[in-house]
>>> print(open('data.cif').read())   # mmCIF, C-alpha atoms and all ligand atoms
data_target
#
loop_
_atom_site.label_atom_id
_atom_site.label_comp_id
_atom_site.auth_asym_id
_atom_site.auth_seq_id
_atom_site.Cartn_x
_atom_site.Cartn_y
_atom_site.Cartn_z
CA MET A 1 -28.06 -33.28 50.74
CA LYS A 2 -27.18 -33.94 54.36
CA ILE A 3 -24.73 -31.39 55.68
CA ILE A 4 -22.35 -31.09 58.65
CA SER A 5 -21.72 -27.44 59.49
CA LEU A 6 -18.65 -26.39 61.46
CA PHE A 7 -18.06 -22.85 62.78
CA SER A 8 -21.70 -22.22 61.93
CA GLY A 9 -22.05 -18.79 63.55
CA ALA A 10 -25.51 -17.29 63.31
CA GLY A 11 -26.12 -19.50 60.28
CA GLY A 12 -25.94 -17.32 57.16
CA LEU A 13 -24.36 -20.13 55.15
CA ASP A 14 -26.60 -22.80 56.67
CA LEU A 15 -29.83 -20.88 56.14
CA GLY A 16 -29.07 -20.49 52.43
CA LEU A 17 -28.24 -24.19 52.11
CA VAL A 18 -31.50 -25.10 53.89
CA GLN A 19 -33.51 -22.67 51.75
CA ALA A 20 -32.25 -24.60 48.72
CA GLY A 21 -33.68 -27.82 50.20
CA ASN A 22 -30.68 -29.34 51.96
CA GLU A 23 -30.61 -30.54 55.57
CA ILE A 24 -28.15 -29.62 58.33
CA VAL A 25 -27.64 -32.80 60.36
CA TRP A 26 -25.10 -31.37 62.82
CA ALA A 27 -23.74 -27.89 63.50
CA ASN A 28 -21.40 -26.34 66.05
CA ASP A 29 -20.20 -22.98 67.32
CA ILE A 30 -18.48 -21.73 70.45
CA ASP A 31 -20.37 -18.42 70.61
CA LYS A 32 -23.47 -18.62 72.78
CA ASP A 33 -25.26 -15.66 71.17
CA ALA A 34 -24.63 -17.02 67.67
CA VAL A 35 -25.91 -20.44 68.78
CA GLU A 36 -29.05 -18.89 70.24
CA THR A 37 -29.62 -16.96 67.01
CA TYR A 38 -29.05 -20.17 65.03
CA ARG A 39 -31.50 -22.18 67.17
CA HIS A 40 -34.27 -19.64 66.73
CA ASN A 41 -33.82 -19.16 63.01
CA VAL A 42 -32.13 -22.16 61.39
CA GLY A 43 -32.57 -25.27 63.49
CA ASN A 44 -31.96 -27.16 66.68
CA ASN A 45 -29.14 -29.38 65.44
CA ILE A 46 -26.46 -27.04 66.74
CA VAL A 47 -24.11 -27.89 69.58
CA LEU A 48 -22.65 -25.07 71.70
CA ASP A 49 -19.04 -26.00 72.44
CA ASP A 50 -15.44 -25.34 71.57
CA ILE A 51 -14.81 -27.57 68.54
CA LYS A 52 -11.61 -28.73 70.23
CA ASN A 53 -13.77 -30.55 72.79
CA VAL A 54 -15.78 -32.39 70.15
CA GLU A 55 -15.12 -36.03 69.37
CA ILE A 56 -15.48 -36.39 65.61
CA SER A 57 -16.96 -39.87 66.03
CA ILE A 58 -20.14 -38.39 67.57
CA ILE A 59 -20.84 -36.33 64.44
CA PRO A 60 -23.30 -38.10 62.10
CA ASN A 61 -22.24 -38.92 58.54
CA ALA A 62 -23.21 -36.53 55.78
CA ASP A 63 -22.86 -35.80 52.06
CA VAL A 64 -21.21 -32.43 52.61
CA VAL A 65 -19.09 -30.68 55.25
CA VAL A 66 -19.22 -26.89 55.26
CA GLY A 67 -17.50 -24.31 57.38
CA GLY A 68 -16.26 -20.78 57.58
CA PHE A 69 -13.32 -21.48 59.80
CA PRO A 70 -12.22 -18.51 61.91
CA CYS A 71 -10.33 -15.98 59.94
CA GLN A 72 -8.75 -13.57 62.39
CA GLY A 73 -5.32 -15.04 61.78
CA PHE A 74 -5.81 -14.83 58.00
CA SER A 75 -7.18 -11.34 57.66
CA GLN A 76 -5.20 -8.78 55.69
CA ALA A 77 -6.35 -6.28 58.29
CA ASN A 78 -4.20 -8.11 60.82
CA ARG A 79 -0.61 -7.07 60.27
CA PHE A 80 0.62 -9.79 62.61
CA ARG A 81 -0.79 -12.74 60.72
CA MET A 82 1.52 -15.71 60.74
CA LEU A 83 1.39 -19.24 59.44
CA ASN A 84 1.71 -20.69 62.88
CA ASP A 85 -0.93 -18.40 64.36
CA GLU A 86 -2.82 -20.62 66.79
CA ARG A 87 -6.14 -19.34 65.45
CA ASN A 88 -5.34 -20.67 61.96
CA MET A 89 -5.02 -24.14 63.40
CA LEU A 90 -8.78 -24.41 63.86
CA TYR A 91 -8.98 -25.20 60.19
CA ARG A 92 -7.25 -28.44 61.10
CA PHE A 93 -10.43 -29.56 62.86
CA PHE A 94 -12.29 -28.89 59.66
CA TYR A 95 -9.71 -30.97 57.81
CA GLU A 96 -9.86 -33.84 60.31
CA THR A 97 -13.65 -33.99 60.02
CA ILE A 98 -13.40 -34.26 56.25
CA LYS A 99 -10.68 -36.86 56.46
CA GLN A 100 -12.67 -39.04 58.85
CA LYS A 101 -16.18 -38.51 57.50
CA GLN A 102 -15.27 -38.65 53.80
CA PRO A 103 -18.25 -36.61 52.53
CA ASN A 104 -18.80 -36.27 48.79
CA PHE A 105 -18.09 -32.54 48.95
CA PHE A 106 -16.89 -29.80 51.22
CA ILE A 107 -17.34 -26.05 51.10
CA ALA A 108 -14.92 -23.82 53.02
CA GLU A 109 -15.27 -20.05 53.24
CA ASN A 110 -12.54 -17.65 54.21
CA VAL A 111 -11.20 -14.13 53.84
CA LYS A 112 -9.15 -12.97 50.86
CA GLY A 113 -6.05 -12.77 53.05
CA ILE A 114 -5.82 -16.55 53.06
CA LEU A 115 -4.50 -16.35 49.46
CA THR A 116 -1.45 -14.29 50.39
CA LEU A 117 -0.76 -15.67 53.88
CA GLY A 118 2.87 -16.75 54.09
CA HIS A 119 3.35 -15.59 50.46
CA GLY A 120 0.80 -18.17 49.29
CA GLU A 121 2.27 -21.02 51.32
CA ALA A 122 -0.76 -21.34 53.62
CA ILE A 123 -3.27 -21.99 50.85
CA LYS A 124 -0.83 -24.41 49.17
CA GLN A 125 -0.52 -26.29 52.44
CA ILE A 126 -4.28 -26.36 52.90
CA LEU A 127 -4.85 -27.75 49.38
CA SER A 128 -2.14 -30.33 49.91
CA ASP A 129 -3.73 -31.39 53.22
CA PHE A 130 -7.09 -31.84 51.50
CA GLU A 131 -5.46 -33.83 48.71
CA ASN A 132 -3.97 -36.17 51.29
CA ALA A 133 -7.44 -36.55 52.79
CA GLY A 134 -8.69 -37.70 49.34
CA TYR A 135 -10.06 -34.45 47.89
CA ARG A 136 -9.58 -32.29 44.83
CA ALA A 137 -10.41 -28.67 45.48
CA THR A 138 -10.79 -25.39 43.63
CA VAL A 139 -10.07 -22.01 45.18
CA ASN A 140 -12.47 -19.28 44.10
CA LEU A 141 -12.29 -15.57 44.91
CA VAL A 142 -15.89 -14.37 44.91
CA ASN A 143 -17.29 -10.84 44.93
CA MET A 144 -20.72 -11.30 46.51
CA ALA A 145 -22.11 -8.36 44.47
CA ASP A 146 -21.76 -10.62 41.41
CA TYR A 147 -24.41 -12.89 42.94
CA GLY A 148 -27.02 -10.25 43.71
CA VAL A 149 -25.81 -9.39 47.22
CA PRO A 150 -25.84 -5.59 47.70
CA GLU A 151 -22.28 -5.63 49.02
CA THR A 152 -18.83 -5.79 47.41
CA ARG A 153 -17.72 -8.43 49.89
CA GLN A 154 -14.85 -10.55 48.63
CA ARG A 155 -14.42 -13.99 50.08
CA VAL A 156 -12.51 -17.12 49.17
CA ILE A 157 -14.70 -20.16 48.59
CA ILE A 158 -12.91 -23.51 48.47
CA LEU A 159 -14.98 -26.24 46.83
CA GLY A 160 -13.78 -29.78 47.46
CA GLN A 161 -14.83 -33.07 45.92
CA GLN A 162 -13.93 -36.61 46.88
CA GLN A 163 -11.37 -37.86 44.37
CA GLY A 164 -13.23 -41.09 43.61
CA LEU A 165 -16.53 -39.39 42.80
CA SER A 166 -15.92 -38.32 39.21
CA SER A 167 -13.06 -37.42 36.92
CA LYS A 168 -14.53 -33.94 36.52
CA MET A 169 -15.40 -31.37 39.16
CA LEU A 170 -19.15 -31.64 39.70
CA LEU A 171 -19.36 -28.89 42.29
CA THR A 172 -18.22 -25.69 40.64
CA LEU A 173 -18.89 -22.03 41.26
CA PRO A 174 -22.27 -21.15 39.71
CA PRO A 175 -22.29 -18.52 36.94
CA LYS A 176 -22.45 -14.88 38.03
CA THR A 177 -25.87 -13.25 37.87
CA HIS A 178 -24.84 -9.60 38.30
CA SER A 179 -22.05 -7.26 37.20
CA LYS A 180 -20.90 -3.70 37.85
CA THR A 181 -22.17 -2.47 34.49
CA GLY A 182 -25.16 -4.79 34.10
CA THR A 183 -24.19 -5.75 30.53
CA ASP A 184 -23.79 -9.12 28.75
CA GLY A 185 -27.15 -10.36 29.95
CA LEU A 186 -26.31 -9.86 33.62
CA HIS A 187 -28.18 -7.67 36.10
CA LYS A 188 -26.52 -4.54 37.43
CA TRP A 189 -25.06 -4.75 40.93
CA ILE A 190 -27.68 -3.95 43.59
CA SER A 191 -27.01 -0.69 45.43
CA ILE A 192 -27.18 -0.21 49.19
CA LYS A 193 -30.03 2.24 48.68
CA GLN A 194 -32.06 -0.35 46.80
CA ALA A 195 -31.42 -2.78 49.64
CA ILE A 196 -32.24 -0.70 52.70
CA SER A 197 -34.21 2.43 51.79
CA ARG A 198 -37.45 0.61 52.67
CA TYR A 199 -36.67 0.59 56.40
CA PRO A 200 -38.21 3.30 58.63
CA ASP A 201 -36.09 5.88 60.42
CA PRO A 202 -34.71 3.98 63.43
CA ASP A 203 -35.04 7.13 65.56
CA MET A 204 -38.82 7.09 65.07
CA PRO A 205 -41.11 4.54 66.75
CA ASN A 206 -41.18 1.35 64.66
CA ASN A 207 -41.61 -2.39 65.08
CA VAL A 208 -38.70 -3.58 62.92
CA PRO A 209 -36.67 -6.13 64.93
CA ASN A 210 -32.98 -5.36 65.55
CA HIS A 211 -33.41 -1.90 64.03
CA GLU A 212 -30.96 -0.16 66.36
CA TYR A 213 -27.60 1.36 65.61
CA SER A 214 -24.21 2.04 67.14
CA LYS A 215 -23.78 5.64 68.27
CA TYR A 216 -20.10 5.51 67.25
CA LYS A 217 -19.55 8.89 65.60
CA VAL A 218 -19.47 9.07 61.79
CA GLU A 219 -16.19 10.74 60.87
CA TYR A 220 -14.41 10.30 57.57
CA ARG A 221 -10.77 9.31 57.91
CA ASP A 222 -10.27 7.31 54.72
CA TYR A 223 -10.08 3.85 56.17
CA THR A 224 -12.49 0.95 56.46
CA ALA A 225 -15.79 1.92 58.13
CA HIS A 226 -14.73 5.58 58.10
CA ARG A 227 -15.45 6.41 54.48
CA PRO A 228 -18.62 7.96 53.05
CA THR A 229 -21.00 5.29 51.75
CA ASP A 230 -22.22 5.80 48.17
CA ALA A 231 -25.99 5.23 48.04
CA ASN A 232 -25.80 4.13 44.41
CA LYS A 233 -23.17 1.42 44.83
CA PRO A 234 -23.28 -1.85 46.74
CA SER A 235 -22.35 -1.50 50.41
CA PRO A 236 -18.73 -1.95 51.42
CA THR A 237 -18.08 -5.17 53.34
CA ILE A 238 -20.19 -5.52 56.48
CA LEU A 239 -17.56 -6.01 59.18
CA ALA A 240 -17.27 -8.39 62.10
CA ARG A 241 -14.50 -6.51 63.79
CA GLY A 242 -13.88 -3.12 65.31
CA ASN A 243 -11.13 -0.60 64.81
CA GLY A 244 -9.39 -1.22 68.11
CA GLY A 245 -11.88 0.87 70.06
CA GLY A 246 -13.64 -2.10 71.62
CA GLY A 247 -16.85 -2.40 69.60
CA VAL A 248 -17.68 -3.79 66.19
CA CYS A 249 -17.55 -1.07 63.57
CA ALA A 250 -20.77 -0.63 61.61
CA ILE A 251 -20.66 0.98 58.17
CA PRO A 252 -21.90 4.61 57.97
CA HIS A 253 -25.38 5.04 56.50
CA TYR A 254 -25.28 6.82 53.12
CA ASN A 255 -27.12 9.76 54.73
CA GLY A 256 -23.87 10.44 56.58
CA LEU A 257 -25.75 11.03 59.84
CA ARG A 258 -25.42 7.69 61.60
CA ARG A 259 -24.18 4.12 61.27
CA LEU A 260 -26.24 1.26 59.80
CA THR A 261 -28.63 -0.48 62.14
CA VAL A 262 -28.24 -4.18 62.93
CA ARG A 263 -31.28 -4.84 60.70
CA GLU A 264 -29.89 -2.83 57.79
CA SER A 265 -26.55 -4.65 58.08
CA ALA A 266 -28.40 -7.99 58.13
CA SER A 267 -30.43 -7.02 55.10
CA ILE A 268 -27.25 -6.18 53.17
CA GLN A 269 -25.98 -9.63 54.12
CA THR A 270 -29.32 -10.87 52.63
CA PHE A 271 -30.76 -12.24 55.88
CA PRO A 272 -34.57 -12.23 55.72
CA ASP A 273 -36.44 -9.65 57.81
CA ASP A 274 -37.91 -12.28 60.12
CA PHE A 275 -34.44 -13.57 61.08
CA ILE A 276 -33.94 -12.26 64.62
CA PHE A 277 -30.47 -11.81 66.12
CA TYR A 278 -29.82 -12.48 69.82
CA GLY A 279 -27.26 -10.86 72.12
CA VAL A 280 -26.17 -7.29 72.73
CA ARG A 281 -25.91 -4.95 69.76
CA GLY A 282 -22.17 -5.49 69.25
CA SER A 283 -22.67 -9.25 69.26
CA CYS A 284 -25.45 -8.97 66.66
CA TYR A 285 -23.25 -6.85 64.39
CA ARG A 286 -20.47 -9.41 64.80
CA GLN A 287 -22.68 -12.39 63.95
CA ILE A 288 -23.85 -10.58 60.81
CA GLY A 289 -20.37 -9.46 59.75
CA ASN A 290 -19.11 -13.03 60.16
CA ALA A 291 -21.77 -14.54 57.95
CA VAL A 292 -21.79 -15.84 54.42
CA PRO A 293 -24.54 -13.88 52.60
CA VAL A 294 -27.67 -16.04 52.62
CA ARG A 295 -28.39 -15.41 48.94
CA PHE A 296 -24.98 -16.67 47.84
CA ALA A 297 -25.27 -19.69 50.16
CA LYS A 298 -28.63 -20.54 48.61
CA ILE A 299 -27.09 -20.45 45.13
CA LEU A 300 -24.40 -22.91 46.32
CA GLY A 301 -27.12 -25.01 47.94
CA GLN A 302 -29.00 -25.18 44.66
CA GLU A 303 -25.85 -26.51 42.98
CA LEU A 304 -25.73 -29.31 45.58
CA ARG A 305 -29.39 -30.12 44.91
CA ARG A 306 -28.78 -30.20 41.16
CA ILE A 307 -25.89 -32.65 41.57
CA GLU A 308 -28.02 -34.84 43.85
CA LYS A 309 -30.99 -34.83 41.46
CA GLU A 310 -28.72 -35.82 38.60
CA GLY A 311 -27.86 -38.93 40.63
CA LEU A 312 -24.16 -38.12 40.78
CA LEU A 313 -23.68 -38.79 44.47
CA CYS A 314 -21.54 -41.55 45.88
CA LYS A 315 -23.62 -43.42 48.47
C1 LIG A 401 -16.64 -16.71 59.98
S1 LIG A 401 -17.66 -17.21 61.31
C2 LIG A 401 -18.73 -18.34 60.49
C3 LIG A 401 -19.99 -17.70 59.98
C4 LIG A 401 -20.98 -18.66 59.38
N1 LIG A 401 -20.42 -19.49 58.34
C5 LIG A 401 -22.19 -17.92 58.82
O1 LIG A 401 -22.40 -17.96 57.60
O2 LIG A 401 -22.93 -17.30 59.58
C6 LIG A 401 -16.62 -18.25 62.26
C7 LIG A 401 -17.25 -18.82 63.53
O3 LIG A 401 -16.31 -19.68 64.19
C8 LIG A 401 -16.64 -19.71 65.56
N2 LIG A 401 -15.52 -20.26 66.33
C9 LIG A 401 -14.34 -19.68 66.61
N3 LIG A 401 -13.57 -20.50 67.35
C10 LIG A 401 -14.29 -21.62 67.56
C11 LIG A 401 -14.04 -22.83 68.28
N4 LIG A 401 -12.88 -23.02 68.91
N5 LIG A 401 -15.00 -23.78 68.29
C12 LIG A 401 -16.17 -23.59 67.65
N6 LIG A 401 -16.47 -22.46 66.96
C13 LIG A 401 -15.54 -21.48 66.92
C14 LIG A 401 -16.94 -18.26 65.86
O4 LIG A 401 -17.73 -18.16 67.04
C15 LIG A 401 -17.67 -17.81 64.58
O5 LIG A 401 -19.06 -17.85 64.76
#
>>> encode(input="data.cif", output="structure tokens", more="lines below")
Ligand SMILES: C[S@@+](CC[C@H](N)C(=O)[O-])C[C@H]1O[C@@H](n2cnc3c(N)ncnc32)[C@H](O)[C@@H]1O
Amino acid sequence: MKIISLFSGAGGLDLGLVQAGNEIVWANDIDKDAVETYRHNVGNNIVLDDIKNVEISIIPNADVVVGGFPCQGFSQANRFRMLNDERNMLYRFFYETIKQKQPNFFIAENVKGILTLGHGEAIKQILSDFENAGYRATVNLVNMADYGVPETRQRVIILGQQQGLSSKMLLTLPPKTHSKTGTDGLHKWISIKQAISRYPDPDMPNNVPNHEYSKYKVEYRDYTAHRPTDANKPSPTILARGNGGGGVCAIPHYNGLRRLTVRESASIQTFPDDFIFYGVRGSCYRQIGNAVPVRFAKILGQELRRIEKEGLLCK
């Protein structure tokens, strides 16, 4: 399917969709490092600009609009989140694009905090906006570990479908492939050790790209990014934000001696090893922490391909 990608970042979501055989016809992000990373690894169809400067009429038509609209204002980690937070309004650009372009489907990714923002009023408002734009949508809370990502990252995935397309929802969340216990015919969650033990010691000479780590001291204080990492469980969520100290906070390695390298963090987010990140180390960590895991995105992309092959698209 042809896809418009908004708030594309480094392109975790887009790479997975492309790997499944879809095509990104237009993408956008305001972050110059993320755009450079995207251009080198995903494709040239990305425009570097603030989305507020973009005229929707210049965006080509497409079958699908996707976007992980910025989540700072929605995050549960932000105690000052508010419905009228200016940063939450960026989603309105996403909405306007859908309203004007009328794609068959849309996929929106966000943090879990969106479900409780304004005691649930924000998500209600969002769904009502999409309904007015002609879309039915489902809201799905996904644990990425359930889809073979070595990380217990929870994200909200909103799947929208044009009301006239079919009386049933064609684009639904694919069945889980993994579970904590690995029973009922599912695979067991993939541990962080399984995911990253193959990388060489970053303190020894090596030629692994982006295999460098933050020197921020590992100290356990029982809050996010300051807890011991269990080698035999999936990684905690790879973060895009710091702890107020200025830099992005990388998860401690399970050896307890250092933090994860950029490459190890990317691998947990299921980026391939030949995907190179551009920018200073903090920027690379941020691009990775912002991303939709590539493996999960590919699974969604395969659903789109299946629907297309079954001839269910509205042309
Ligand atoms: C959650 S990230 C998206 C990650 C992406 N979906 C991926 O899988 O890699 C949100 C992105 O929105 C971008 N962004 C924030 N404000 C923006 C604006 N005003 N215009 C365009 N992009 C913006 C950020 O630079 C960031 O890359």
>>> closest_atom_pairs(input="data.cif", of="chain A", to="ligand LIG 401 (chain A)", cutoff="9 Å", atoms="all atoms listed in the file", output="Markdown table")
| residue | atom | partner | partner_atom | distance |
| --- | --- | --- | --- | --- |
| A:Ser5 | CA | A:LIG401 | N1 | 8.1 |
| A:Leu6 | CA | A:LIG401 | N6 | 7.1 |
| A:Phe7 | CA | A:LIG401 | O3 | 3.9 |
| A:Ser8 | CA | A:LIG401 | C4 | 4.4 |
| A:Gly9 | CA | A:LIG401 | O5 | 3.4 |
| A:Ala10 | CA | A:LIG401 | O2 | 4.5 |
| A:Gly11 | CA | A:LIG401 | O2 | 3.9 |
| A:Gly12 | CA | A:LIG401 | O1 | 3.6 |
| A:Leu13 | CA | A:LIG401 | O1 | 3.8 |
| A:Asp14 | CA | A:LIG401 | O1 | 6.5 |
| A:Leu15 | CA | A:LIG401 | O1 | 8.1 |
| A:Gly16 | CA | A:LIG401 | O1 | 8.8 |
| A:Asn28 | CA | A:LIG401 | C12 | 6.1 |
| A:Asp29 | CA | A:LIG401 | N6 | 3.8 |
| A:Ile30 | CA | A:LIG401 | C12 | 4.1 |
| A:Asp31 | CA | A:LIG401 | O4 | 4.4 |
| A:Lys32 | CA | A:LIG401 | O4 | 8.1 |
| A:Asp33 | CA | A:LIG401 | O4 | 8.9 |
| A:Ala34 | CA | A:LIG401 | O5 | 6.3 |
| A:Val35 | CA | A:LIG401 | O5 | 8.4 |
| A:Tyr38 | CA | A:LIG401 | O2 | 8.7 |
| A:Leu48 | CA | A:LIG401 | C12 | 7.8 |
| A:Asp49 | CA | A:LIG401 | C12 | 6.1 |
| A:Asp50 | CA | A:LIG401 | N5 | 3.7 |
| A:Ile51 | CA | A:LIG401 | N5 | 3.8 |
| A:Lys52 | CA | A:LIG401 | N4 | 6.0 |
| A:Asn53 | CA | A:LIG401 | N5 | 8.2 |
| A:Val54 | CA | A:LIG401 | N5 | 8.8 |
| A:Val66 | CA | A:LIG401 | N1 | 8.1 |
| A:Gly67 | CA | A:LIG401 | N1 | 5.7 |
| A:Gly68 | CA | A:LIG401 | N1 | 4.4 |
| A:Phe69 | CA | A:LIG401 | C6 | 5.2 |
| A:Pro70 | CA | A:LIG401 | C6 | 4.4 |
| A:Cys71 | CA | A:LIG401 | C1 | 6.4 |
| A:Gln72 | CA | A:LIG401 | C1 | 8.8 |
| A:Arg87 | CA | A:LIG401 | N3 | 7.8 |
| A:Leu90 | CA | A:LIG401 | N4 | 6.7 |
| A:Ala108 | CA | A:LIG401 | N1 | 8.8 |
| A:Glu109 | CA | A:LIG401 | N1 | 7.3 |
| A:Asn110 | CA | A:LIG401 | C1 | 7.1 |
| A:Val111 | CA | A:LIG401 | C1 | 8.6 |
| A:Ala240 | CA | A:LIG401 | C1 | 8.6 |
| A:Arg286 | CA | A:LIG401 | O5 | 8.6 |
| A:Gln287 | CA | A:LIG401 | O2 | 6.6 |
| A:Ile288 | CA | A:LIG401 | O2 | 6.9 |
| A:Gly289 | CA | A:LIG401 | C1 | 8.2 |
| A:Asn290 | CA | A:LIG401 | C1 | 4.4 |
| A:Ala291 | CA | A:LIG401 | O2 | 3.4 |
| A:Val292 | CA | A:LIG401 | O1 | 3.9 |
| A:Pro293 | CA | A:LIG401 | O1 | 6.8 |
| A:Val294 | CA | A:LIG401 | O1 | 7.5 |
| A:Ala297 | CA | A:LIG401 | O1 | 8.2 |
>>> closest_residue(input="data.cif", among="A:Gln100, A:Thr116, A:Ser265, A:Gln161", to="Ser214 in chain A", atoms="only C-alpha atoms")
A:Ser265
>>> atom_distance(input="data.cif", atom1="CA of Ser191 in chain A", atom2="CA of Thr152 in chain A")
9.8 Å
>>> closest_residue(input="data.cif", among="A:Trp189, A:Tyr199, A:Tyr216, A:Tyr278", to="Ser235 in chain A", atoms="all atoms listed in the file")
A:Trp189
>>> closest_residue(input="data.cif", among="A:Asn61, A:Asn206, A:Ser166, A:Gln269", to="Arg295 in chain A", atoms="all atoms listed in the file")
A:Gln269
>>> atom_distance(input="data.cif", atom1="CA of Phe130 in chain A", atom2="CA of Gly118 in chain A")
18.3 Å
>>> closest_residue(input="data.cif", among="A:Val25, A:Ile3, A:Val42, A:Leu257", to="Ile276 in chain A", atoms="only C-alpha atoms")
A:Val42
>>> closest_residue(input="data.cif", among="A:Cys284, A:Leu304, A:Leu260, A:Val149", to="Ser197 in chain A", atoms="all atoms listed in the file")
A:Leu260
>>> residues_around(input="data.cif", residues="range 183-186 of chain A", least_positions_apart="5", cutoff="12 Å", atoms="only C-alpha atoms", output="PDB file with C-alpha atoms, keeping the file's coordinate frame")
ATOM      1  CA  ALA A 145     -22.110  -8.360  44.470  1.00  0.00           C
ATOM      2  CA  ASP A 146     -21.760 -10.620  41.410  1.00  0.00           C
ATOM      3  CA  TYR A 147     -24.410 -12.890  42.940  1.00  0.00           C
ATOM      4  CA  GLY A 148     -27.020 -10.250  43.710  1.00  0.00           C
ATOM      5  CA  PRO A 175     -22.290 -18.520  36.940  1.00  0.00           C
ATOM      6  CA  LYS A 176     -22.450 -14.880  38.030  1.00  0.00           C
ATOM      7  CA  THR A 177     -25.870 -13.250  37.870  1.00  0.00           C
ATOM      8  CA  HIS A 178     -24.840  -9.600  38.300  1.00  0.00           C
TER       9      HIS A 178
END
>>> atom_distance(input="data.cif", atom1="CA of Arg263 in chain A", atom2="CA of Leu300 in chain A")
24.1 Å
>>> residues_around(input="data.cif", residues="Gln102 in chain A", least_positions_apart="2", cutoff="12 Å", atoms="all atoms listed in the file", output="PyMOL selection string")
chain A and resi 4+60-65+94-100+104-106+130+132-135+160-165+314-315
>>> residues_around(input="data.cif", residues="Asp201 in chain A", least_positions_apart="6", cutoff="10 Å", atoms="all atoms listed in the file", output="PDB file with C-alpha atoms, keeping the file's coordinate frame")
ATOM      1  CA  HIS A 211     -33.410  -1.900  64.030  1.00  0.00           C
ATOM      2  CA  GLU A 212     -30.960  -0.160  66.360  1.00  0.00           C
ATOM      3  CA  THR A 261     -28.630  -0.480  62.140  1.00  0.00           C
TER       4      THR A 261
END
>>> closest_residue(input="data.cif", among="A:Tyr285, A:Asn140, A:Arg92, A:Lys112", to="Gln125 in chain A", atoms="only C-alpha atoms")
A:Arg92
